[in-house]
file entry_11.cif (mmCIF, C-alpha atoms and all ligand atoms)
data_upload
#
loop_
_atom_site.label_atom_id
_atom_site.label_comp_id
_atom_site.auth_asym_id
_atom_site.auth_seq_id
_atom_site.Cartn_x
_atom_site.Cartn_y
_atom_site.Cartn_z
CA MET A 488 15.80 -59.82 26.87
CA GLN A 489 14.38 -56.48 28.00
CA CYS A 490 15.50 -53.14 26.55
CA ASP A 491 14.62 -49.70 27.93
CA TYR A 492 15.22 -48.05 24.53
CA PHE A 493 12.73 -50.44 22.92
CA ASP A 494 10.16 -50.04 25.72
CA ALA A 495 10.41 -46.24 25.46
CA GLY A 496 10.00 -46.39 21.65
CA ARG A 497 13.44 -44.77 21.16
CA CYS A 498 14.70 -47.66 19.03
CA ARG A 499 12.73 -50.37 17.25
CA SER A 500 15.64 -52.03 15.42
CA CYS A 501 15.21 -55.26 17.43
CA SER A 502 11.70 -56.01 16.24
CA LEU A 503 11.57 -59.35 18.16
CA MET A 504 12.48 -57.73 21.49
CA GLY A 505 10.20 -59.18 24.17
CA THR A 506 9.63 -62.50 22.32
CA ASP A 507 11.25 -65.32 24.28
CA TYR A 508 14.46 -66.58 22.65
CA ALA A 509 13.33 -70.22 22.17
CA GLY A 510 10.25 -68.91 20.33
CA GLN A 511 12.39 -66.68 18.08
CA LEU A 512 14.58 -69.64 17.14
CA ALA A 513 11.62 -71.94 16.46
CA ASP A 514 9.97 -69.30 14.21
CA LYS A 515 13.16 -68.76 12.24
CA GLN A 516 13.57 -72.52 11.82
CA SER A 517 10.07 -72.92 10.35
CA ARG A 518 10.56 -69.92 8.04
CA ALA A 519 13.85 -71.35 6.76
CA ALA A 520 12.33 -74.81 6.28
CA ARG A 521 9.41 -73.34 4.31
CA ALA A 522 11.82 -71.44 2.05
CA LEU A 523 13.74 -74.58 1.10
CA ALA A 524 10.72 -76.89 0.94
CA ALA A 525 10.07 -76.23 -2.76
CA ALA A 526 13.63 -77.23 -3.70
CA CYS A 527 13.63 -80.30 -1.44
CA PRO A 528 10.35 -81.22 0.31
CA GLY A 529 11.82 -84.00 2.52
CA LEU A 530 14.97 -82.16 3.59
CA SER A 531 15.98 -82.96 7.16
CA TRP A 532 17.58 -80.15 9.11
CA GLU A 533 20.33 -80.26 11.73
CA ALA A 534 19.39 -78.71 15.09
CA PRO A 535 19.64 -74.90 14.84
CA PHE A 536 22.85 -73.27 16.07
CA GLY A 537 21.61 -70.70 18.58
CA SER A 538 23.26 -67.66 20.10
CA VAL A 539 23.27 -65.94 23.42
CA PRO A 540 20.28 -63.58 23.17
CA GLU A 541 22.23 -60.46 24.19
CA GLY A 542 25.85 -59.29 24.30
CA PHE A 543 26.66 -61.01 20.97
CA ARG A 544 27.49 -58.23 18.49
CA ASN A 545 31.17 -57.75 17.66
CA LYS A 546 30.55 -54.50 15.79
CA ALA A 547 28.85 -51.20 16.47
CA LYS A 548 27.75 -48.91 13.65
CA LEU A 549 26.99 -45.68 15.48
CA VAL A 550 25.31 -42.77 13.74
CA VAL A 551 26.53 -39.55 15.35
CA GLY A 552 24.12 -36.69 16.08
CA GLY A 553 23.56 -34.00 18.68
CA THR A 554 25.96 -31.12 19.19
CA ARG A 555 29.70 -30.63 19.59
CA ASP A 556 29.32 -30.45 23.40
CA GLU A 557 26.65 -33.13 23.67
CA PRO A 558 27.05 -35.62 20.85
CA THR A 559 24.83 -38.69 20.56
CA ALA A 560 25.90 -42.14 19.32
CA GLY A 561 23.20 -44.46 18.07
CA ILE A 562 20.64 -43.84 15.34
CA LEU A 563 18.67 -40.94 13.84
CA ASP A 564 14.96 -40.52 14.58
CA ALA A 565 12.20 -39.81 12.04
CA HIS A 566 13.22 -36.10 12.05
CA ARG A 567 16.84 -37.14 11.43
CA GLN A 568 17.94 -36.01 14.87
CA GLY A 569 20.41 -38.08 16.90
CA VAL A 570 19.12 -40.70 19.35
CA ASP A 571 21.70 -41.83 21.87
CA LEU A 572 21.81 -45.62 22.36
CA ARG A 573 25.11 -45.94 24.21
CA HIS A 574 23.72 -48.58 26.61
CA CYS A 575 22.40 -50.94 23.89
CA GLY A 576 22.55 -54.50 25.25
CA LEU A 577 23.48 -56.26 22.01
CA TYR A 578 27.23 -55.56 22.16
CA GLU A 579 29.82 -58.02 23.45
CA PRO A 580 30.85 -56.94 26.96
CA GLY A 581 34.27 -55.53 25.93
CA LEU A 582 32.66 -53.57 23.10
CA ALA A 583 29.77 -52.31 25.26
CA GLU A 584 32.25 -50.57 27.57
CA VAL A 585 33.81 -48.70 24.65
CA VAL A 586 30.48 -47.75 23.05
CA GLU A 587 29.55 -46.08 26.35
CA GLN A 588 32.72 -43.97 26.07
CA VAL A 589 32.12 -42.86 22.47
CA PRO A 590 30.11 -39.63 23.02
CA GLU A 591 32.70 -38.43 25.54
CA VAL A 592 35.55 -39.26 23.14
CA ILE A 593 33.82 -37.29 20.35
CA ALA A 594 33.32 -34.28 22.66
CA THR A 595 36.93 -34.40 23.91
CA LEU A 596 38.25 -34.50 20.34
CA GLY A 597 36.02 -31.51 19.50
CA LEU A 598 34.51 -33.27 16.48
CA VAL A 599 31.36 -31.63 15.13
CA PRO A 600 28.49 -34.08 14.53
CA TYR A 601 27.09 -34.02 11.00
CA ASP A 602 23.59 -32.55 10.88
CA VAL A 603 21.67 -34.31 8.10
CA VAL A 604 18.91 -31.69 7.92
CA ARG A 605 21.26 -28.67 7.76
CA ARG A 606 23.92 -30.54 5.79
CA SER A 607 26.53 -29.12 8.15
CA GLY A 608 29.10 -30.60 10.52
CA GLU A 609 31.70 -33.28 9.98
CA LEU A 610 31.45 -36.54 11.95
CA LYS A 611 28.85 -38.88 10.48
CA HIS A 612 29.53 -42.29 12.00
CA VAL A 613 31.79 -44.13 14.41
CA LEU A 614 32.35 -47.77 13.43
CA LEU A 615 33.81 -50.19 15.95
CA THR A 616 34.85 -53.83 15.71
CA HIS A 617 35.85 -55.92 18.72
CA SER A 618 37.97 -59.07 18.49
CA PRO A 619 37.80 -62.21 20.65
CA ASP A 620 41.22 -61.18 22.08
CA GLY A 621 39.66 -57.93 23.35
CA GLU A 622 41.31 -55.73 20.71
CA LEU A 623 39.46 -53.00 18.81
CA MET A 624 39.28 -51.17 15.52
CA ILE A 625 37.71 -47.71 15.49
CA ARG A 626 36.86 -45.82 12.30
CA PHE A 627 35.71 -42.19 12.26
CA VAL A 628 33.59 -41.45 9.18
CA LEU A 629 33.99 -37.75 8.29
CA ARG A 630 32.34 -35.62 5.62
CA SER A 631 35.65 -33.97 4.68
CA PRO A 632 39.32 -34.15 5.74
CA GLY A 633 38.95 -30.88 7.74
CA GLN A 634 38.85 -32.46 11.22
CA GLN A 635 41.10 -35.42 10.43
CA VAL A 636 44.06 -33.66 12.03
CA ARG A 637 42.27 -33.54 15.41
CA ILE A 638 41.99 -37.33 15.41
CA ALA A 639 45.57 -37.80 14.20
CA ARG A 640 46.95 -35.49 16.93
CA ALA A 641 44.91 -37.25 19.60
CA LEU A 642 46.10 -40.71 18.58
CA PRO A 643 48.32 -41.29 21.68
CA TRP A 644 45.43 -40.18 23.91
CA LEU A 645 42.97 -42.46 22.10
CA LEU A 646 45.31 -45.45 22.44
CA GLU A 647 45.70 -44.74 26.14
CA THR A 648 42.01 -44.05 26.83
CA ILE A 649 40.37 -46.92 24.95
CA PRO A 650 41.52 -50.27 26.31
CA GLY A 651 42.64 -52.75 23.62
CA LEU A 652 42.53 -50.16 20.81
CA ARG A 653 44.70 -51.44 17.92
CA VAL A 654 43.53 -49.84 14.66
CA VAL A 655 42.35 -46.23 14.26
CA SER A 656 41.32 -44.80 10.92
CA VAL A 657 39.46 -41.96 9.26
CA ASN A 658 37.04 -42.72 6.46
CA LEU A 659 35.87 -39.94 4.14
CA GLN A 660 32.23 -40.00 3.03
CA PRO A 661 31.60 -36.64 1.31
CA ASP A 662 28.18 -37.49 -0.20
CA HIS A 663 24.94 -36.37 1.39
CA ALA A 664 23.52 -39.88 1.29
CA ALA A 665 22.55 -42.58 3.77
CA VAL A 666 25.76 -44.48 3.08
CA LEU A 667 27.79 -45.81 5.98
CA GLU A 668 31.27 -45.19 4.59
CA GLY A 669 33.12 -43.80 1.60
CA PRO A 670 35.91 -45.20 -0.57
CA GLU A 671 38.81 -43.23 0.97
CA GLU A 672 40.37 -44.54 4.19
CA ILE A 673 43.36 -43.15 6.10
CA VAL A 674 44.76 -45.58 8.67
CA LEU A 675 46.45 -43.64 11.49
CA THR A 676 47.96 -46.49 13.48
CA VAL A 677 50.95 -48.69 12.63
CA ALA A 678 48.66 -51.72 12.86
CA GLU A 679 46.46 -51.91 9.77
CA ASP A 680 44.40 -54.95 10.65
CA LEU A 681 42.53 -56.52 13.55
CA PRO A 682 43.24 -60.22 14.15
CA MET A 683 40.00 -62.16 14.73
CA GLN A 684 40.68 -65.63 16.14
CA VAL A 685 37.94 -67.91 14.84
CA ASN A 686 38.44 -71.58 15.68
CA GLU A 687 42.02 -72.40 14.62
CA VAL A 688 42.16 -69.57 12.06
CA ARG A 689 43.46 -66.11 12.91
CA LEU A 690 41.59 -64.02 10.34
CA ARG A 691 42.96 -60.53 9.67
CA LEU A 692 40.42 -57.78 9.28
CA ARG A 693 41.43 -54.63 7.41
CA THR A 694 39.23 -51.54 7.47
CA GLY A 695 36.30 -51.79 5.09
CA SER A 696 36.27 -55.60 4.95
CA PHE A 697 33.09 -57.43 5.82
CA PHE A 698 33.08 -59.64 8.91
CA GLN A 699 30.18 -61.70 10.29
CA THR A 700 28.37 -59.89 13.13
CA ASN A 701 28.38 -62.63 15.77
CA THR A 702 31.82 -64.19 16.26
CA THR A 703 30.64 -67.26 18.21
CA VAL A 704 27.99 -68.10 15.64
CA ALA A 705 30.43 -67.40 12.79
CA ALA A 706 32.82 -69.92 14.36
CA GLY A 707 29.99 -72.48 14.41
CA LEU A 708 29.13 -71.70 10.78
CA TYR A 709 32.71 -72.14 9.54
CA ARG A 710 33.10 -75.34 11.61
CA GLN A 711 29.92 -76.81 10.10
CA ALA A 712 31.06 -75.85 6.60
CA GLN A 713 34.47 -77.44 7.25
CA ASP A 714 32.76 -80.64 8.43
CA TRP A 715 30.52 -80.96 5.35
CA ILE A 716 33.43 -80.09 3.06
CA HIS A 717 35.51 -82.84 4.71
CA GLN A 718 32.70 -85.33 4.12
CA VAL A 719 32.59 -84.47 0.40
CA ASP A 720 36.40 -84.09 0.31
CA PRO A 721 36.80 -82.02 -2.88
CA VAL A 722 40.34 -81.67 -4.25
CA THR A 723 39.62 -78.22 -5.66
CA LEU A 724 37.40 -75.58 -4.03
CA TRP A 725 36.39 -72.01 -4.84
CA ASP A 726 35.06 -69.65 -2.17
CA LEU A 727 33.01 -66.99 -3.97
CA TYR A 728 32.13 -63.79 -2.06
CA CYS A 729 34.94 -64.90 0.25
CA GLY A 730 35.37 -61.67 2.27
CA VAL A 731 38.44 -62.09 4.52
CA GLY A 732 38.43 -65.81 3.74
CA GLY A 733 36.48 -67.44 6.60
CA PHE A 734 35.20 -70.43 4.59
CA ALA A 735 38.27 -70.90 2.38
CA LEU A 736 40.74 -70.74 5.26
CA HIS A 737 38.80 -73.42 7.14
CA ALA A 738 39.11 -75.71 4.13
CA LEU A 739 42.84 -75.55 3.39
CA LEU A 740 43.63 -79.13 4.32
CA ARG A 741 41.97 -82.39 3.35
CA PRO A 742 41.12 -84.88 6.13
CA ASP A 743 44.41 -86.74 5.44
CA GLY A 744 46.35 -83.49 5.99
CA THR A 745 47.29 -82.89 2.34
CA PRO A 746 46.67 -79.37 1.01
CA ARG A 747 43.55 -78.67 -0.97
CA ASP A 748 43.59 -76.42 -4.04
CA VAL A 749 41.65 -73.41 -2.68
CA LEU A 750 40.81 -70.15 -4.43
CA GLY A 751 38.79 -67.22 -3.05
CA LEU A 752 37.10 -64.48 -5.10
CA GLU A 753 35.88 -61.22 -3.62
CA ILE A 754 35.03 -57.73 -4.90
CA SER A 755 36.71 -55.79 -2.06
CA SER A 756 40.48 -55.44 -2.46
CA GLU A 757 40.83 -54.71 1.28
CA ALA A 758 39.16 -58.02 2.11
CA VAL A 759 41.38 -59.84 -0.39
CA ALA A 760 44.49 -58.25 1.14
CA SER A 761 43.25 -59.44 4.57
CA ALA A 762 42.69 -62.99 3.31
CA ARG A 763 46.12 -63.10 1.67
CA THR A 764 47.81 -62.02 4.93
CA THR A 765 46.09 -64.83 6.85
CA ALA A 766 46.79 -67.39 4.12
CA ALA A 767 50.51 -66.55 4.21
CA GLU A 768 50.56 -67.62 7.88
CA LEU A 769 48.81 -70.96 7.28
CA PRO A 770 49.75 -74.20 5.56
CA GLY A 771 48.64 -74.82 1.97
CA ALA A 772 48.70 -72.38 -0.90
CA ALA A 773 45.27 -70.74 -0.99
CA ARG A 774 44.97 -67.92 -3.51
CA PHE A 775 42.68 -64.92 -3.23
CA GLU A 776 41.70 -62.71 -6.15
CA VAL A 777 39.71 -59.51 -6.58
CA GLY A 778 36.80 -60.00 -8.94
CA ASP A 779 33.07 -59.98 -9.51
CA ALA A 780 31.52 -63.35 -8.69
CA ALA A 781 28.04 -62.40 -9.84
CA SER A 782 28.90 -61.78 -13.49
CA GLY A 783 30.39 -64.91 -14.99
CA VAL A 784 32.24 -65.93 -11.77
CA GLY A 785 35.16 -63.71 -12.72
CA ALA A 786 35.89 -66.38 -15.31
CA GLY A 787 35.27 -64.20 -18.38
CA GLU A 788 37.96 -63.04 -20.79
CA ALA A 789 39.48 -60.54 -18.37
CA GLY A 790 38.41 -62.24 -15.13
CA PRO A 791 40.93 -63.53 -12.58
CA LEU A 792 39.60 -67.09 -12.93
CA ARG A 793 39.89 -67.21 -16.75
CA GLY A 794 41.15 -70.50 -18.14
CA LEU A 795 40.62 -72.41 -14.87
CA ALA A 796 38.62 -75.63 -14.85
CA PRO A 797 35.58 -75.44 -12.54
CA PRO A 798 36.41 -76.87 -9.10
CA ASP A 799 34.88 -79.90 -7.37
CA LEU A 800 33.00 -77.71 -4.89
CA VAL A 801 32.01 -74.05 -4.77
CA VAL A 802 31.14 -72.12 -1.60
CA VAL A 803 28.92 -69.06 -2.10
CA ASN A 804 28.12 -66.54 0.64
CA PRO A 805 26.57 -63.53 -1.12
CA PRO A 806 25.05 -60.33 0.31
CA ARG A 807 21.29 -60.23 0.88
CA ARG A 808 20.46 -60.00 -2.84
CA GLY A 809 21.75 -63.57 -3.43
CA ILE A 810 23.94 -64.83 -6.27
CA GLY A 811 21.57 -63.86 -9.09
CA PRO A 812 20.84 -65.17 -12.57
CA VAL A 813 24.31 -65.26 -14.18
CA LEU A 814 26.03 -67.23 -11.43
CA THR A 815 23.07 -69.57 -10.90
CA GLU A 816 23.05 -70.32 -14.62
CA TRP A 817 26.79 -70.96 -14.59
CA LEU A 818 26.48 -73.33 -11.60
CA GLU A 819 23.41 -75.09 -13.02
CA SER A 820 25.08 -75.76 -16.39
CA SER A 821 28.45 -76.75 -14.91
CA GLN A 822 29.28 -80.33 -13.99
CA MET A 823 30.01 -79.32 -10.41
CA GLN A 824 28.74 -81.97 -8.01
CA HIS A 825 28.49 -79.84 -4.85
CA VAL A 826 27.74 -76.26 -3.86
CA LEU A 827 27.78 -75.01 -0.28
CA TYR A 828 25.47 -71.99 -0.04
CA SER A 829 25.53 -69.75 3.05
CA SER A 830 22.71 -67.22 2.90
CA CYS A 831 21.50 -64.39 5.12
CA ASN A 832 18.23 -64.05 3.18
CA VAL A 833 15.99 -67.08 2.67
CA ASP A 834 13.92 -65.28 0.01
CA SER A 835 16.88 -64.72 -2.32
CA LEU A 836 18.16 -68.22 -1.46
CA ALA A 837 14.82 -69.73 -2.51
CA ARG A 838 14.90 -67.70 -5.77
CA ASP A 839 18.45 -68.85 -6.52
CA LEU A 840 17.53 -72.50 -5.79
CA GLU A 841 14.61 -72.27 -8.19
CA ARG A 842 17.06 -71.32 -10.94
CA MET A 843 19.26 -74.37 -10.16
CA PRO A 844 16.90 -77.36 -10.24
CA SER A 845 19.81 -79.80 -10.72
CA LEU A 846 21.41 -78.76 -7.44
CA VAL A 847 19.31 -80.12 -4.58
CA PRO A 848 19.71 -79.29 -0.85
CA VAL A 849 20.81 -82.42 1.01
CA ARG A 850 21.93 -80.87 4.33
CA ALA A 851 20.79 -77.65 5.99
CA ARG A 852 21.28 -75.82 9.25
CA LEU A 853 20.11 -72.52 10.65
CA PHE A 854 22.65 -70.25 12.37
CA ASP A 855 21.14 -67.51 14.52
CA MET A 856 23.60 -64.74 13.80
CA PHE A 857 21.10 -61.95 14.63
CA PRO A 858 18.95 -62.62 17.76
CA GLN A 859 16.13 -60.13 18.51
CA THR A 860 15.64 -59.55 14.76
CA PRO A 861 13.96 -61.72 12.09
CA HIS A 862 17.29 -62.02 10.24
CA LEU A 863 18.89 -65.44 10.00
CA GLU A 864 21.71 -67.34 8.31
CA VAL A 865 21.19 -70.68 6.57
CA LEU A 866 23.94 -73.03 5.44
CA THR A 867 22.91 -75.64 2.92
CA LEU A 868 24.85 -78.26 1.01
CA LEU A 869 23.58 -78.78 -2.52
CA ARG A 870 24.29 -81.94 -4.49
CA ARG A 871 23.71 -82.50 -8.20
CA GLY A 872 20.65 -84.73 -8.33
C1 LIG A 901 27.91 -61.90 3.32
S1 LIG A 901 29.53 -61.31 2.99
C2 LIG A 901 30.43 -62.83 3.16
C3 LIG A 901 31.91 -62.74 3.36
C4 LIG A 901 32.62 -64.00 3.78
N1 LIG A 901 32.21 -65.17 3.06
C5 LIG A 901 32.51 -64.25 5.28
O1 LIG A 901 32.20 -65.34 5.71
O2 LIG A 901 32.75 -63.29 6.04
C6 LIG A 901 29.46 -61.02 1.27
C7 LIG A 901 30.77 -60.62 0.65
O3 LIG A 901 30.58 -60.54 -0.77
C8 LIG A 901 31.32 -59.45 -1.27
N2 LIG A 901 30.72 -59.12 -2.58
C9 LIG A 901 29.63 -58.36 -2.84
N3 LIG A 901 29.35 -58.39 -4.16
C10 LIG A 901 30.27 -59.19 -4.75
C11 LIG A 901 30.51 -59.62 -6.08
N4 LIG A 901 29.71 -59.22 -7.08
N5 LIG A 901 31.56 -60.43 -6.34
C12 LIG A 901 32.39 -60.84 -5.33
N6 LIG A 901 32.21 -60.47 -4.05
C13 LIG A 901 31.16 -59.66 -3.74
C14 LIG A 901 31.24 -58.39 -0.19
O4 LIG A 901 32.30 -57.47 -0.28
C15 LIG A 901 31.31 -59.27 1.08
O5 LIG A 901 32.65 -59.43 1.50
#

call {"tool": "encode", "arguments": {"input": "entry_11.cif", "output": "structure tokens", "more": "lines below"}}
Ligand SMILES: C[S@@+](CC[C@H](N)C(=O)[O-])C[C@H]1O[C@@H](n2cnc3c(N)ncnc32)[C@H](O)[C@@H]1O
result
Amino acid sequence: MQCDYFDAGRCRSCSLMGTDYAGQLADKQSRAARALAAACPGLSWEAPFGSVPEGFRNKAKLVVGGTRDEPTAGILDAHRQGVDLRHCGLYEPGLAEVVEQVPEVIATLGLVPYDVVRRSGELKHVLLTHSPDGELMIRFVLRSPGQQVRIARALPWLLETIPGLRVVSVNLQPDHAAVLEGPEEIVLTVAEDLPMQVNEVRLRLRTGSFFQTNTTVAAGLYRQAQDWIHQVDPVTLWDLYCGVGGFALHALLRPDGTPRDVLGLEISSEAVASARTTAAELPGAARFEVGDAASGVGAGEAGPLRGLAPPDLVVVNPPRRGIGPVLTEWLESSQMQHVLYSSCNVDSLARDLERMPSLVPVRARLFDMFPQTPHLEVLTLLRRG
């Protein structure tokens, strides 16, 4: 892939830009294999699940800069001035068209870009998510509620101007900090979630819930997880760090069609509400609870999993920091036979595996969720040795 922004030095986010895609994939595969070699030297890997090298991102996180008349949508440079990247080639085609419109939409609404240096202005970020059905969620991250009314009044115009637009919201992020979004969200549309069809599961995505960046690769990841889960065929399963329920909702039924006892745990209440909505539309009786998986698996005195026997299999899919010492100790000392670990950081994965010597990787596969960058996703099935 070639990128004019990269060539001109305007954006260096895609640090592998210019490296041929097959080479990127091979490098990631050897890095992942090295990371797991200590835990299981003879581990054999499935063929990597690759991506298209461009046009794969389902979300855009646009930092807004520039002026009221000439806003930019992209990133900030070293002097914290806006750099416009509206023609970035990483976005899915339907999303790319909308990203190109964003600066004009901001100018038409009369929103004042936030100036980080002067600490003035209002609009900090525009966050977009695009679904496989071609629908969109747009979130305007404002410093204060002052300009919220402009967006609310323009709602009919926005819905008419942006094809496929389904969810519009305002997020308030009052702090002067490099934080993407704040805790307060005002949804302006009747629709509060974006349906994301992934394989046979129609996941519902509410504002503020995490969703994997690359929908095609996410579908491959959940399908692989479903396949390995079917082979183990646990009766009870917990999905920790479950987000909107991608892993859990692909594991509702056992291979003979009987329901599995599935429980998801997640720290974001918006994500849990999303997962519950999807679960209500599907067979089985999966439950989703809000709780902290990292400290005692939410199983402590006041935790939502208190009193429950450990399941036959646990799925973990933590943020980059990994699952950490408390959860690894709990898993290591439990009698659980299988853990399915999906990781976006092989260094924290390797650290976590070191803390669980009884749980040995027996299957592994790389999923290239983030082409053009060194980031990667690894799914590994651990079995008690
Ligand atoms: C990498 S995402 C995975 C989400 C989901 N498994 C999926 O496939 O989309 C990590 C998730 O962990 C959640 N999370 C972060 N810290 C947590 C914690 N201590 N306990 C439970 N969930 C947590 C985040 O909100 C996020 O939804």

call {"tool": "residues_near_ligand", "arguments": {"input": "entry_11.cif", "ligand": "ligand LIG 901 (chain A)", "cutoff": "8 Å", "atoms": "all atoms listed in the file", "output": "PyMOL selection string"}}
result
chain A and resi 696-699+705+709+726-734+752-755+758+777-782+784+803-807+830-831

call {"tool": "atom_distance", "arguments": {"input": "entry_11.cif", "atom1": "CA of Phe627 (chain A)", "atom2": "CA of Thr703 (chain A)"}}
result
26.3 Å

call {"tool": "closest_residue", "arguments": {"input": "entry_11.cif", "among": "A:Gly621, A:Thr676, A:Ala565, A:Ala520", "to": "Glu584 (chain A)", "atoms": "all atoms listed in the file"}}
result
A:Gly621

call {"tool": "closest_residue", "arguments": {"input": "entry_11.cif", "among": "A:Met504, A:Ala796, A:Val688, A:Leu836", "to": "Leu769 (chain A)", "atoms": "all atoms listed in the file"}}
result
A:Val688

call {"tool": "closest_residue", "arguments": {"input": "entry_11.cif", "among": "A:Glu587, A:Glu757, A:Asp743, A:Asp620", "to": "Glu671 (chain A)", "atoms": "all atoms listed in the file"}}
result
A:Glu757

call {"tool": "atom_distance", "arguments": {"input": "entry_11.cif", "atom1": "CA of Gln859 (chain A)", "atom2": "CA of Val613 (chain A)"}}
result
22.8 Å

call {"tool": "atom_distance", "arguments": {"input": "entry_11.cif", "atom1": "CA of Leu866 (chain A)", "atom2": "CA of Leu523 (chain A)"}}
result
11.2 Å

call {"tool": "decode", "arguments": {"input": "entry_11.cif", "residues": "region 781-835 of chain A", "atoms": "C-alpha atoms", "output": "short mmCIF file (atom, residue, chain, number, x, y, z; two decimals), in the first residue's frame"}}
result
data_model
loop_
_atom_site.label_atom_id
_atom_site.label_comp_id
_atom_site.auth_asym_id
_atom_site.auth_seq_id
_atom_site.Cartn_x
_atom_site.Cartn_y
_atom_site.Cartn_z
CA ALA A 781 -8.84 -8.46 36.80
CA SER A 782 -9.40 -8.42 40.56
CA GLY A 783 -10.64 -11.80 41.69
CA VAL A 784 -12.73 -12.42 38.52
CA GLY A 785 -15.63 -10.51 40.03
CA ALA A 786 -16.04 -13.56 42.25
CA GLY A 787 -15.22 -11.82 45.54
CA GLU A 788 -17.73 -11.15 48.32
CA ALA A 789 -19.54 -8.40 46.43
CA GLY A 790 -18.70 -9.55 42.89
CA PRO A 791 -21.40 -10.58 40.40
CA LEU A 792 -19.92 -14.08 40.10
CA ARG A 793 -19.86 -14.77 43.87
CA GLY A 794 -20.89 -18.29 44.85
CA LEU A 795 -20.58 -19.67 41.30
CA ALA A 796 -18.49 -22.75 40.64
CA PRO A 797 -15.67 -22.09 38.14
CA PRO A 798 -16.75 -23.04 34.60
CA ASP A 799 -15.28 -25.72 32.33
CA LEU A 800 -13.71 -23.11 30.05
CA VAL A 801 -12.85 -19.43 30.40
CA VAL A 802 -12.33 -17.02 27.49
CA VAL A 803 -10.18 -13.96 28.25
CA ASN A 804 -9.72 -11.04 25.86
CA PRO A 805 -8.12 -8.24 27.91
CA PRO A 806 -6.84 -4.80 26.86
CA ARG A 807 -3.15 -4.45 26.00
CA ARG A 808 -2.00 -4.72 29.63
CA GLY A 809 -3.11 -8.40 29.78
CA ILE A 810 -5.00 -10.16 32.58
CA GLY A 811 -2.42 -9.49 35.31
CA PRO A 812 -1.34 -11.26 38.48
CA VAL A 813 -4.65 -11.75 40.34
CA LEU A 814 -6.54 -13.37 37.48
CA THR A 815 -3.56 -15.48 36.36
CA GLU A 816 -3.18 -16.75 39.92
CA TRP A 817 -6.89 -17.56 40.10
CA LEU A 818 -6.77 -19.44 36.77
CA GLU A 819 -3.52 -21.25 37.65
CA SER A 820 -4.86 -22.48 41.01
CA SER A 821 -8.32 -23.40 39.69
CA GLN A 822 -9.10 -26.85 38.32
CA MET A 823 -10.18 -25.36 35.00
CA GLN A 824 -9.05 -27.57 32.13
CA HIS A 825 -9.15 -25.00 29.32
CA VAL A 826 -8.61 -21.27 28.82
CA LEU A 827 -9.01 -19.52 25.47
CA TYR A 828 -6.83 -16.40 25.50
CA SER A 829 -7.24 -13.74 22.79
CA SER A 830 -4.51 -11.13 23.08
CA CYS A 831 -3.60 -7.95 21.22
CA ASN A 832 -0.18 -7.75 22.91
CA VAL A 833 2.20 -10.71 22.78
CA ASP A 834 4.43 -9.22 25.50
CA SER A 835 1.67 -9.14 28.12
#
